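One file, model15.cif, carrying mmCIF, C-alpha atoms and all ligand atoms:
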data_run
loop_
_atom_site.label_atom_id
_atom_site.label_comp_id
_atom_site.auth_asym_id
_atom_site.auth_seq_id
_atom_site.Cartn_x
_atom_site.Cartn_y
_atom_site.Cartn_z
CA MET G 67 -8.05 3.68 17.21
CA SER G 68 -9.74 1.16 19.46
CA ASP G 69 -11.81 -0.60 16.77
CA CYS G 70 -9.13 -0.69 14.08
CA ILE G 71 -7.93 -4.20 13.30
CA PHE G 72 -4.46 -3.06 12.17
CA CYS G 73 -4.00 -0.92 15.31
CA LYS G 74 -4.83 -4.08 17.26
CA ILE G 75 -2.24 -6.05 15.29
CA ALA G 76 0.32 -3.27 15.88
CA ALA G 77 -0.46 -3.36 19.61
CA GLY G 78 -0.09 -7.14 19.70
CA GLN G 79 -3.75 -7.67 20.65
CA ILE G 80 -4.29 -9.71 17.49
CA GLY G 81 -1.65 -12.14 16.30
CA SER G 82 0.14 -11.91 13.00
CA PHE G 83 3.12 -13.39 11.21
CA LYS G 84 5.50 -10.48 11.65
CA VAL G 85 8.16 -9.79 9.09
CA TYR G 86 9.57 -6.54 10.47
CA GLU G 87 8.86 -4.20 13.38
CA ASP G 88 10.34 -1.02 14.79
CA ASP G 89 8.96 1.96 16.74
CA HIS G 90 7.24 3.39 13.66
CA VAL G 91 6.18 0.58 11.35
CA LEU G 92 5.08 -3.03 11.27
CA ALA G 93 5.19 -5.51 8.39
CA PHE G 94 3.29 -8.80 8.51
CA LEU G 95 1.91 -11.43 6.17
CA ASP G 96 -1.49 -10.77 4.65
CA ILE G 97 -4.02 -13.26 6.03
CA GLY G 98 -5.52 -13.68 2.54
CA PRO G 99 -2.50 -13.62 0.25
CA ILE G 100 -2.55 -13.33 -3.52
CA ARG G 101 0.73 -15.26 -3.51
CA ASP G 102 3.16 -16.64 -0.93
CA GLY G 103 4.98 -13.74 0.68
CA HIS G 104 2.18 -11.15 0.15
CA THR G 105 3.13 -8.71 2.88
CA LEU G 106 1.45 -5.68 4.42
CA LEU G 107 3.38 -2.68 5.72
CA ILE G 108 1.62 -0.26 8.07
CA PRO G 109 2.54 2.79 10.11
CA LYS G 110 1.94 2.23 13.83
CA HIS G 111 0.39 5.68 13.95
CA HIS G 112 -3.26 5.30 12.86
CA CYS G 113 -4.15 7.13 9.68
CA SER G 114 -6.61 5.94 7.10
CA ARG G 115 -5.01 7.26 3.93
CA LEU G 116 -1.66 8.35 2.61
CA GLU G 117 -2.64 12.01 2.55
CA ASP G 118 -3.78 11.87 6.21
CA CYS G 119 -0.44 10.56 7.38
CA PRO G 120 1.93 13.14 8.92
CA PRO G 121 5.35 13.46 7.22
CA GLN G 122 7.16 12.16 10.31
CA ALA G 123 5.16 8.92 10.03
CA LEU G 124 5.53 8.72 6.23
CA GLU G 125 9.28 9.03 6.15
CA PRO G 126 10.16 5.80 7.99
CA LEU G 127 7.30 4.03 6.21
CA MET G 128 8.62 4.86 2.74
CA ALA G 129 12.19 3.99 3.62
CA ARG G 130 11.11 0.62 4.95
CA LEU G 131 8.77 -0.03 2.01
CA ALA G 132 11.68 0.13 -0.41
CA GLN G 133 13.84 -2.21 1.67
CA LEU G 134 11.01 -4.62 2.39
CA ALA G 135 9.96 -4.88 -1.26
CA GLY G 136 13.44 -6.05 -2.24
CA ALA G 137 13.55 -8.51 0.63
CA VAL G 138 10.14 -9.98 -0.27
CA GLN G 139 11.20 -10.42 -3.89
CA ARG G 140 14.48 -12.11 -2.99
CA ALA G 141 12.96 -14.31 -0.28
CA MET G 142 10.25 -15.56 -2.65
CA GLU G 143 12.71 -15.89 -5.53
CA ALA G 144 10.32 -13.70 -7.48
CA ASP G 145 10.97 -11.79 -10.70
CA GLY G 146 9.32 -8.58 -9.51
CA TYR G 147 6.65 -7.22 -7.20
CA ASN G 148 3.60 -4.97 -7.11
CA ILE G 149 3.10 -2.37 -4.43
CA LEU G 150 -0.54 -1.47 -3.93
CA CYS G 151 -2.12 1.08 -1.67
CA ASN G 152 -5.89 0.88 -1.94
CA SER G 153 -7.29 4.22 -0.81
CA GLY G 154 -11.03 4.58 -0.34
CA ARG G 155 -13.82 2.07 -0.78
CA ALA G 156 -14.02 2.78 -4.52
CA ALA G 157 -10.38 1.70 -4.83
CA GLY G 158 -10.90 -1.50 -2.85
CA GLN G 159 -9.79 -0.36 0.61
CA ILE G 160 -11.45 -2.53 3.22
CA VAL G 161 -9.23 -1.89 6.25
CA GLU G 162 -9.18 1.83 6.95
CA HIS G 163 -5.68 1.96 8.36
CA LEU G 164 -3.09 2.97 5.76
CA HIS G 165 -1.26 -0.07 4.39
CA PHE G 166 0.89 -1.06 1.47
CA HIS G 167 0.54 -4.47 -0.12
CA ILE G 168 3.81 -5.93 -1.37
CA ILE G 169 2.99 -8.74 -3.77
CA PRO G 170 5.85 -10.83 -5.14
CA ARG G 171 5.41 -11.71 -8.80
CA LYS G 172 6.76 -14.37 -11.09
CA THR G 173 6.84 -14.16 -14.86
CA GLY G 174 3.60 -15.60 -16.23
CA ASP G 175 2.05 -16.17 -12.80
CA GLY G 176 -1.33 -15.11 -14.19
CA VAL G 177 -2.21 -12.88 -11.25
CA PHE G 178 -2.70 -9.67 -13.24
CA LYS G 179 -0.63 -7.69 -15.66
CA HIS G 180 -2.38 -4.72 -17.20
CA TRP G 181 -5.48 -2.78 -16.26
CA PRO G 182 -7.85 -1.38 -18.89
CA SER G 183 -6.44 1.77 -20.46
CA PHE G 184 -7.64 4.35 -22.98
CA GLN G 185 -6.28 7.27 -24.99
CA TYR G 186 -7.12 10.83 -23.94
CA PRO G 187 -9.14 12.60 -26.61
CA GLU G 188 -7.58 15.81 -27.98
CA GLY G 189 -7.31 18.53 -25.30
CA ARG G 190 -8.48 16.42 -22.38
CA ALA G 191 -5.06 15.64 -20.88
CA LEU G 192 -4.31 19.37 -20.68
CA GLN G 193 -7.53 19.99 -18.71
CA VAL G 194 -6.97 17.05 -16.39
CA ALA G 195 -3.36 17.99 -15.59
CA GLU G 196 -4.44 21.58 -14.87
CA LYS G 197 -7.21 20.39 -12.51
CA ILE G 198 -4.70 18.40 -10.48
CA ARG G 199 -2.18 21.26 -10.41
CA GLN G 200 -4.91 23.56 -9.00
CA LYS G 201 -5.64 21.12 -6.16
CA LEU G 202 -1.96 20.95 -5.27
CA LYS G 203 -2.09 24.66 -4.47
CA LYS G 204 -4.79 24.15 -1.80
P1 LIG E 301 -7.45 -3.64 1.49
O1 LIG E 301 -8.48 -4.17 0.55
O2 LIG E 301 -8.04 -2.83 2.62
O3 LIG E 301 -6.33 -2.92 0.78
O4 LIG E 301 -6.75 -4.92 2.08
C1 LIG E 301 -6.79 -5.31 3.41
C2 LIG E 301 -5.97 -6.56 3.51
O5 LIG E 301 -5.83 -6.90 4.87
C3 LIG E 301 -6.60 -7.79 2.82
O6 LIG E 301 -5.71 -8.26 1.81
C4 LIG E 301 -6.81 -8.78 3.94
O7 LIG E 301 -6.53 -10.11 3.56
C5 LIG E 301 -5.87 -8.27 5.02
N1 LIG E 301 -6.35 -8.54 6.38
C6 LIG E 301 -7.58 -8.24 6.87
N2 LIG E 301 -7.67 -8.60 8.16
C7 LIG E 301 -6.47 -9.13 8.50
C8 LIG E 301 -5.96 -9.69 9.71
O8 LIG E 301 -6.61 -9.76 10.74
N3 LIG E 301 -4.67 -10.13 9.67
C9 LIG E 301 -3.89 -10.06 8.54
N4 LIG E 301 -2.65 -10.53 8.62
N5 LIG E 301 -4.36 -9.54 7.39
C10 LIG E 301 -5.62 -9.09 7.36
ZN ZN E 302 -5.52 1.78 12.93
#
Is it possible to express this structure as structure tokens?
Ligand code: 5GP
Ligand code: ZN
Amino acid sequence: MSDCIFCKIAAGQIGSFKVYEDDHVLAFLDIGPIRDGHTLLIPKHHCSRLEDCPPQALEPLMARLAQLAGAVQRAMEADGYNILCNSGRAAGQIVEHLHFHIIPRKTGDGVFKHWPSFQYPEGRALQVAEKIRQKLKK
């Protein structure tokens, strides 16, 4: 896509600090990191969300995500990592080209730990699970 910033980075039209590149994927440092080593992994094929991405583009992406996450953790001498995929404006997606954030984490780094959670009232979980199962059939 001609106006997509991550397509431009993948095409080399905008510079980035590359971490990994092959025919299918590119990994580079986030320009606004949460922590040192905060890395983005993208498919070179433009798609805006996970569910828009064809399986042949997803497969190499997922394989590389696993390898890259371990490498980021080890390189940053971190104790763990978060993988985030913001999908849709409501979920915080700003760049509409599918990307995974790999964020190295250290114990007690104060970045974030838990999001707000609640308990399903009686019967609600059953309804919710069924709703999702129905959508899987379509
Ligand atoms: P989102 O909120 O869409 O999941 O996150 C997009 C991420 O892309 C942000 O963390 C932002 O810092 C990063 N980003 C946006 N523009 C650029 C850029 O031109 N170069 C790099 N390296 N990262 C970018
Ligand atoms: Zn794109």
Interface rows for chain G against ligand ZN 302 (chain E): nearest pair, Å to one decimal, 6 Å, only C-alpha atoms and all ligand atoms, as a tab-separated table:
residue	atom	partner	partner_atom	distance
G:Met67	CA	E:ZN302	ZN	5.3
G:Cys70	CA	E:ZN302	ZN	4.5
G:Phe72	CA	E:ZN302	ZN	5.0
G:Cys73	CA	E:ZN302	ZN	3.9
G:His112	CA	E:ZN302	ZN	4.2
G:His163	CA	E:ZN302	ZN	4.6
Practice problem: Around ligand LIG 301 (chain E), at most 12 Å away and counting all atoms listed in the file, which residues are there? Put them as a count of residues only, please. | Solution: 54
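You will find atom CA of G:Lys201 at 25.9 Å from atom CA of G:Pro182.
Going from atom CA of G:Arg130 over to atom CA of G:Val91, you cover 8.1 Å.
The neighbours of G:Tyr147 here are the residues that come within 8 Å of it, using only C-alpha atoms and leaving out any residue fewer than 3 positions away in the same chain; they are Ala135, Gln139, Ala144, Ile168, Ile169, Pro170 and Arg171 of chain G.
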Practice problem: For the point (5.3, 5.6, 8.3) in the file's frame, write as a ChimeraX atom specification all residues with an atom no more than 10 Å away, counting only C-alpha atoms. | Solution: /G:89-92,107-113,116,119-131,164-165
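Reported to one decimal place, the separation of atom CA of G:Phe184 from atom CA of G:Glu196 is 19.3 Å.
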Enclose stretch 192-198 of chain G, meaning all of its atoms listed in the file, in a box aligned along x, y and z, pad it by 6 Å on each side, and list the centre and edge lengths in Å to one decimal, as lines of an AutoDock Vina configuration file.
center_x = -5.4
center_y = 19.3
center_z = -15.6
size_x = 16.2
size_y = 16.5
size_z = 22.2
